[in-house]
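Structure file start_30.cif (mmCIF, C-alpha atoms and all ligand atoms) follows.
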```cif
data_my_file
#
loop_
_atom_site.label_atom_id
_atom_site.label_comp_id
_atom_site.auth_asym_id
_atom_site.auth_seq_id
_atom_site.Cartn_x
_atom_site.Cartn_y
_atom_site.Cartn_z
CA MET A 164 46.90 71.49 49.66
CA LEU A 165 50.70 71.43 49.41
CA LEU A 166 51.95 74.36 47.41
CA HIS A 167 55.25 75.21 48.97
CA SER A 168 58.39 73.18 49.47
CA LEU A 169 59.98 72.97 52.89
CA ASP A 170 63.62 74.03 52.84
CA ALA A 171 66.29 72.82 55.26
CA LEU A 172 66.17 75.96 57.39
CA ASP A 173 62.35 75.80 57.72
CA ALA A 174 62.65 72.12 58.70
CA ARG A 175 65.27 72.89 61.37
CA ILE A 176 63.15 75.68 62.84
CA ILE A 177 60.08 73.42 62.88
CA LEU A 178 62.04 70.68 64.68
CA ARG A 179 63.27 73.23 67.18
CA MET A 180 59.72 74.46 67.81
CA ALA A 181 58.19 70.99 68.12
CA THR A 182 60.92 69.44 70.32
CA GLY A 183 61.85 72.51 72.33
CA MET A 184 65.49 71.55 71.67
CA SER A 185 68.18 73.69 70.06
CA ASP A 186 69.57 72.66 66.64
CA ILE A 187 72.75 71.42 68.36
CA GLU A 188 70.75 69.31 70.82
CA VAL A 189 68.77 67.80 67.95
CA LEU A 190 71.95 67.01 65.98
CA MET A 191 73.83 65.64 69.00
CA ASN A 192 71.03 63.24 69.95
CA PRO A 193 70.13 61.44 66.72
CA GLU A 194 69.04 58.33 68.69
CA ARG A 195 66.72 60.20 71.01
CA GLU A 196 63.14 59.06 70.73
CA ILE A 197 60.54 61.71 70.30
CA ASP A 198 57.01 61.15 71.44
CA GLU A 199 54.04 61.00 69.15
CA GLY A 200 52.71 64.39 70.21
CA THR A 201 55.97 66.03 69.18
CA VAL A 202 55.97 64.22 65.84
CA SER A 203 52.41 65.21 65.03
CA MET A 204 53.13 68.80 66.02
CA ALA A 205 56.18 68.90 63.72
CA LEU A 206 54.13 67.42 60.88
CA ALA A 207 51.31 69.92 61.44
CA LEU A 208 53.75 72.84 61.36
CA ALA A 209 55.37 71.44 58.21
CA ASP A 210 51.94 71.22 56.57
CA GLU A 211 51.21 74.84 57.48
CA ARG A 212 54.48 75.90 55.88
CA ARG A 213 53.78 73.81 52.77
CA SER A 214 50.36 75.43 52.42
CA GLY A 215 52.13 78.78 51.97
CA ILE A 216 52.11 80.27 55.49
CA PRO A 217 55.36 82.25 55.97
CA MET A 218 57.73 80.96 58.66
CA ALA A 219 57.47 84.28 60.52
CA TYR A 220 53.72 83.68 61.06
CA ILE A 221 54.31 80.07 62.10
CA MET A 222 56.94 81.19 64.61
CA GLY A 223 54.94 84.30 65.56
CA GLU A 224 58.12 86.30 65.49
CA LYS A 225 60.50 88.11 63.13
CA GLU A 226 63.74 89.90 63.83
CA PHE A 227 64.09 93.45 62.56
CA TYR A 228 67.05 95.74 63.15
CA GLY A 229 68.35 93.09 65.55
CA LEU A 230 65.18 93.28 67.68
CA PRO A 231 62.59 90.51 68.18
CA LEU A 232 59.12 91.49 67.00
CA LYS A 233 55.87 89.62 67.41
CA VAL A 234 54.03 89.22 64.10
CA THR A 235 50.58 87.85 63.36
CA GLU A 236 48.51 87.60 60.21
CA ASP A 237 47.22 91.09 61.02
CA THR A 238 50.63 92.65 60.38
CA LEU A 239 53.04 92.71 57.49
CA ILE A 240 56.22 90.76 58.19
CA PRO A 241 59.00 93.38 58.50
CA ARG A 242 61.36 93.25 55.51
CA PRO A 243 65.12 93.88 55.52
CA ASP A 244 64.38 96.57 52.84
CA THR A 245 62.62 98.61 55.49
CA GLU A 246 65.83 98.90 57.52
CA THR A 247 66.76 101.54 54.91
CA LEU A 248 63.82 103.67 56.11
CA VAL A 249 65.11 103.36 59.67
CA ASP A 250 68.63 104.33 58.57
CA VAL A 251 67.27 107.43 56.82
CA ALA A 252 65.19 108.44 59.85
CA LEU A 253 68.22 108.00 62.12
CA ARG A 254 70.35 110.17 59.85
CA LEU A 255 67.61 112.82 59.70
CA SER A 256 67.39 112.78 63.50
CA GLU A 257 70.82 114.42 63.63
CA LEU A 258 69.29 117.59 62.13
CA TYR A 259 67.10 118.14 65.19
CA GLN A 260 67.46 118.35 68.95
CA ARG A 261 65.41 115.62 70.63
CA PRO A 262 63.25 115.21 67.53
CA ARG A 263 59.59 114.34 67.84
CA ILE A 264 59.10 111.36 65.53
CA LEU A 265 56.02 109.66 64.07
CA ASP A 266 55.86 106.21 62.43
CA LEU A 267 52.76 106.41 60.22
CA CYS A 268 51.20 103.08 59.05
CA THR A 269 53.31 101.32 61.68
CA GLY A 270 51.99 97.76 61.16
CA SER A 271 54.02 95.55 63.53
CA GLY A 272 55.70 98.67 64.93
CA ALA A 273 59.04 97.67 63.39
CA VAL A 274 60.14 101.16 62.29
CA ALA A 275 59.06 102.90 65.51
CA VAL A 276 60.68 100.25 67.71
CA ALA A 277 63.99 100.31 65.79
CA ILE A 278 64.20 104.13 65.90
CA ALA A 279 63.15 104.41 69.56
CA HIS A 280 65.62 101.69 70.54
CA THR A 281 68.56 103.25 68.69
CA LEU A 282 67.92 106.86 69.75
CA SER A 283 66.50 106.20 73.24
CA LEU A 284 63.73 108.63 72.32
CA PRO A 285 59.99 108.04 72.30
CA VAL A 286 58.44 107.49 68.86
CA CYS A 287 54.71 107.99 68.21
CA LEU A 288 52.93 105.47 66.05
CA SER A 289 49.60 104.96 64.34
CA ASP A 290 47.79 102.55 62.08
CA VAL A 291 44.33 102.11 60.61
CA SER A 292 44.18 98.49 61.79
CA GLU A 293 43.24 98.08 65.44
CA LYS A 294 44.73 94.58 65.56
CA ALA A 295 48.04 95.72 64.02
CA LEU A 296 48.19 98.70 66.38
CA SER A 297 47.87 96.49 69.43
CA ILE A 298 50.72 94.25 68.17
CA ALA A 299 52.81 97.37 67.50
CA ALA A 300 52.20 98.68 71.02
CA GLU A 301 53.10 95.27 72.44
CA ASN A 302 56.34 95.17 70.41
CA TYR A 303 57.21 98.68 71.50
CA GLU A 304 56.64 97.96 75.17
CA ARG A 305 58.58 94.70 75.01
CA ASN A 306 61.65 96.26 73.35
CA ILE A 307 61.61 99.79 74.76
CA GLY A 308 60.21 99.11 78.22
CA ARG A 309 57.43 101.70 78.13
CA LYS A 310 54.10 102.25 76.46
CA PRO A 311 54.13 104.25 73.21
CA ASP A 312 51.77 107.05 72.17
CA ALA A 313 49.92 104.72 69.77
CA ARG A 314 46.80 106.02 68.02
CA LEU A 315 44.23 104.33 65.84
CA GLY A 316 43.08 105.93 62.60
CA SER A 317 43.55 106.46 58.90
CA LEU A 318 46.82 108.26 58.03
CA PHE A 319 46.99 111.59 59.92
CA GLU A 320 43.43 111.44 61.28
CA PRO A 321 44.55 110.70 64.88
CA TRP A 322 47.20 113.47 64.91
CA SER A 323 45.11 116.59 64.47
CA GLY A 324 46.99 119.60 65.88
CA GLU A 325 50.25 117.63 66.46
CA HIS A 326 53.59 118.43 64.85
CA PHE A 327 56.62 116.22 64.25
CA ASP A 328 60.22 116.83 63.23
CA ILE A 329 60.34 113.52 61.41
CA ILE A 330 57.55 111.47 59.89
CA ALA A 331 58.71 108.05 58.65
CA THR A 332 56.32 105.75 56.84
CA ASN A 333 56.21 102.42 55.04
CA PRO A 334 52.64 102.67 53.72
CA PRO A 335 50.93 100.22 51.38
CA TYR A 336 52.29 100.97 47.90
CA LEU A 337 51.98 97.89 45.67
CA THR A 338 49.88 98.15 42.52
CA GLU A 339 47.13 95.52 42.11
CA LEU A 340 49.24 93.97 39.35
CA TRP A 341 52.43 93.73 41.43
CA TYR A 342 50.36 92.21 44.20
CA GLU A 343 48.89 89.60 41.85
CA GLU A 344 52.37 88.71 40.58
CA THR A 345 53.90 88.46 44.04
CA GLU A 346 54.91 85.17 45.65
CA LEU A 347 52.67 82.95 47.75
CA ASP A 348 54.22 84.01 51.08
CA VAL A 349 53.25 87.64 50.47
CA LYS A 350 49.65 86.58 49.69
CA ALA A 351 49.38 85.34 53.29
CA GLU A 352 49.97 88.91 54.48
CA PRO A 353 47.17 91.48 54.89
CA SER A 354 46.49 93.07 51.48
CA LEU A 355 45.38 96.19 53.38
CA ALA A 356 49.04 96.67 54.29
CA LEU A 357 50.31 96.12 50.76
CA ILE A 358 48.08 97.62 48.05
CA GLY A 359 48.46 101.38 47.74
CA GLY A 360 45.52 102.19 45.45
CA GLY A 361 45.41 103.74 41.99
CA ALA A 362 46.96 102.36 38.82
CA ASP A 363 50.42 103.40 40.06
CA GLY A 364 49.92 102.20 43.67
CA LEU A 365 50.56 105.75 44.87
CA ASP A 366 47.13 106.89 46.07
CA LEU A 367 48.03 106.66 49.76
CA ILE A 368 51.52 108.09 49.27
CA ARG A 369 49.99 111.05 47.35
CA ARG A 370 47.69 111.72 50.31
CA ILE A 371 50.56 111.37 52.78
CA ILE A 372 52.82 113.84 50.95
CA HIS A 373 49.91 116.25 50.49
CA GLU A 374 48.80 116.14 54.14
CA ALA A 375 52.20 115.83 55.85
CA PRO A 376 53.07 119.57 55.83
CA ASP A 377 50.20 120.17 58.28
CA TYR A 378 51.79 117.71 60.72
CA LEU A 379 55.44 118.65 60.24
CA ALA A 380 57.24 121.17 62.38
CA GLU A 381 59.00 123.95 60.53
CA ASP A 382 61.89 122.31 58.67
CA GLY A 383 60.42 118.90 59.51
CA SER A 384 61.28 115.90 57.32
CA LEU A 385 59.13 113.27 55.65
CA ALA A 386 60.69 109.89 54.69
CA ILE A 387 58.72 107.33 52.68
CA GLU A 388 59.49 103.78 51.60
CA CYS A 389 58.28 102.87 48.12
CA ASP A 390 59.16 100.70 45.14
CA PHE A 391 62.11 101.76 42.96
CA ARG A 392 59.69 102.10 40.02
CA GLN A 393 57.79 104.79 41.97
CA ILE A 394 60.72 106.97 43.01
CA GLU A 395 60.46 109.41 40.08
CA SER A 396 56.72 109.95 40.56
CA CYS A 397 57.24 110.40 44.30
CA ALA A 398 59.96 112.98 43.68
CA ARG A 399 57.52 114.89 41.45
CA ILE A 400 54.84 114.79 44.14
CA PHE A 401 57.31 115.93 46.82
CA ARG A 402 58.32 118.87 44.60
CA SER A 403 54.77 119.86 43.75
CA GLU A 404 53.85 119.86 47.46
CA GLY A 405 56.70 122.30 48.13
CA PHE A 406 59.28 120.02 49.78
CA SER A 407 62.99 120.84 49.49
CA SER A 408 66.25 118.85 49.85
CA ILE A 409 64.59 115.83 48.22
CA SER A 410 66.91 112.80 48.29
CA VAL A 411 66.76 109.10 47.61
CA GLU A 412 68.35 106.18 49.45
CA LYS A 413 69.08 102.72 48.05
CA ASP A 414 68.38 99.50 49.95
CA ALA A 415 70.92 96.73 50.59
CA ALA A 416 69.99 95.19 47.22
CA GLY A 417 71.04 98.44 45.49
CA LYS A 418 67.46 99.48 44.58
CA GLU A 419 66.16 102.97 45.23
CA ARG A 420 63.84 102.39 48.18
CA VAL A 421 63.35 105.49 50.33
CA ILE A 422 62.62 109.07 49.31
CA TYR A 423 62.71 111.95 51.74
CA GLY A 424 62.46 115.70 51.81
CA ARG A 425 62.11 118.70 54.12
CA ARG A 426 59.21 121.02 54.52
CA LEU A 427 60.12 124.50 53.37
CA SER A 428 59.83 126.98 56.19
N1 LIG B 1 58.05 95.72 49.88
C1 LIG B 1 56.83 95.04 50.14
C2 LIG B 1 56.64 93.91 49.15
O1 LIG B 1 57.16 93.96 48.08
C3 LIG B 1 55.65 96.00 50.10
C4 LIG B 1 55.55 96.76 51.36
C5 LIG B 1 54.46 97.77 51.32
O2 LIG B 1 53.56 97.78 50.48
N2 LIG B 1 54.56 98.64 52.23
O3 LIG B 1 55.98 92.95 49.45
#
```

Take the structure from the file and write it as C-alpha cells.
Ligand code: GLN
Amino acid sequence: MLLHSLDALDARIILRMATGMSDIEVLMNPEREIDEGTVSMALALADERRSGIPMAYIMGEKEFYGLPLKVTEDTLIPRPDTETLVDVALRLSELYQRPRILDLCTGSGAVAVAIAHTLSLPVCLSDVSEKALSIAAENYERNIGRKPDARLGSLFEPWSGEHFDIIATNPPYLTELWYEETELDVKAEPSLALIGGGADGLDLIRRIIHEAPDYLAEDGSLAIECDFRQIESCARIFRSEGFSSISVEKDAAGKERVIYGRRLS
C-alpha cells in the first residue's frame, strides 16, 4: 500500500544506503552500473518509506543535539522540539554543584545523552519499556563511553529512596484526539510513548508532578515537555503541588514547550 510520497532527500538517503556511496559519489558517477541486488534493495527501502515508515526507522538512526542516536520502532524518534528540554536542564544545572540528574521516560535516551555529553556528568535514566531502555543504554554508552544507571519501571517506581537535583522528562502527553489527527509518520511510533491519558492528555504528567517532590533534593527542579495547549494546566498543577519559580520556555518554533519549577524547601 503506497500512502506516502518519497521526497528528494528521502530518495538521496535511500540511494546512499543501498549503494554504500556518498551523495557526491552517486552524482559524480551517473554512468556507473549498479547491480540488481542494489536496485532491489533501493526499491524495497523506497516501498517501506512510501508505506509510511519514517526515514529515521529505515536508517535506524536520528541525530539529536548533534549526537547520533540509534532508534527502532520501540522508541520515539527524538524531535528538535525536545532540544528545548535539554536547554532548560542545562540552564538549571548551573544552580547546583555537580547536580544529580534523572531523565524520566527516557525512550531512546536522547535527553540523558545530550545532557551527559554537554555537562560531562552522569545522568540516570528510566523507562517503562524494556526494549526502549536497552536502546537508551546503548545510545548512552556509545556517546558517553560508559554505562548509565538505567532502570526499568513505571515513572518513579525504580527510584525509591533516591533524590535528584534535576528531573527532566518528555513523557507521553498527547490526547487520544491529537494522536488520531497526527500524521502518518507519527502513527508508526509507539503509542505508549505518545498518549498521556485522560481527556487532556495530562494523566501521566499529573502523576509526575505529584510524585516528583519525593524524588527531588531540597531545592531540586522538575522540567517537563508538553504541548503548548497544556502549559496553563501544567502551571496550575505545579502550583497546587507546592512548586515555586515556575517558568515556561518556548521551542524553536516559538511555541511554549517546556515548563519547570523548583521544589520549595
Ligand atoms: N511532540 C510529540 C508529537 O507531537 C509528542 C511527544 C510526546 O508525547 N512525548 O508527536

Next item on the list: All residues within 8 Å of ligand LIG 1 (chain B) are required, counting only C-alpha atoms and all ligand atoms; please report them as a PyMOL selection string.
Entry: chain A and resi 239+242+244-245+333-337+342+345+349+356-359+388-390

Notebook entry, point to check: In Å, with one decimal, what is the gap from atom CA of A:Ser354 to atom CA of A:Ile298?
Noted result: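 Pair atom CA of A:Ser354 / atom CA of A:Ile298 returns 17.3 Å.
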
Checklist line | Near-A:Ala277 list (10 Å; only C-alpha atoms; drop same-chain fewer than 3 positions) as a PyMOL selection string | finding: chain A and resi 227-230+246+249-250+253+272-274+280-283+286+303+306-307

Next item on the list: Record the distance separating atom CA of A:Arg369 and atom CA of A:Cys397, expressed in Å with one decimal.
Entry: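 Going from atom CA of A:Arg369 over to atom CA of A:Cys397, I get 7.9 Å.
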
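For the set A:Ser292, A:Thr235, A:Thr247, A:Ser396, the residue with the smallest atom-to-atom gap to A:Val421 is A:Thr247, counting only C-alpha atoms.
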
Note to self: Excluding A:Ala351 and its own-chain neighbours fewer than 4 positions away, which residues fall within 12 Å of it when counting all atoms listed in the file? Please give them as a ChimeraX atom specification.
What the structure shows: /A:211-212,214-221,235-240,342,345-347,355-357

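Across the structure, atom CA of A:Ser203 and atom CA of A:Arg179 are spaced 13.7 Å apart.
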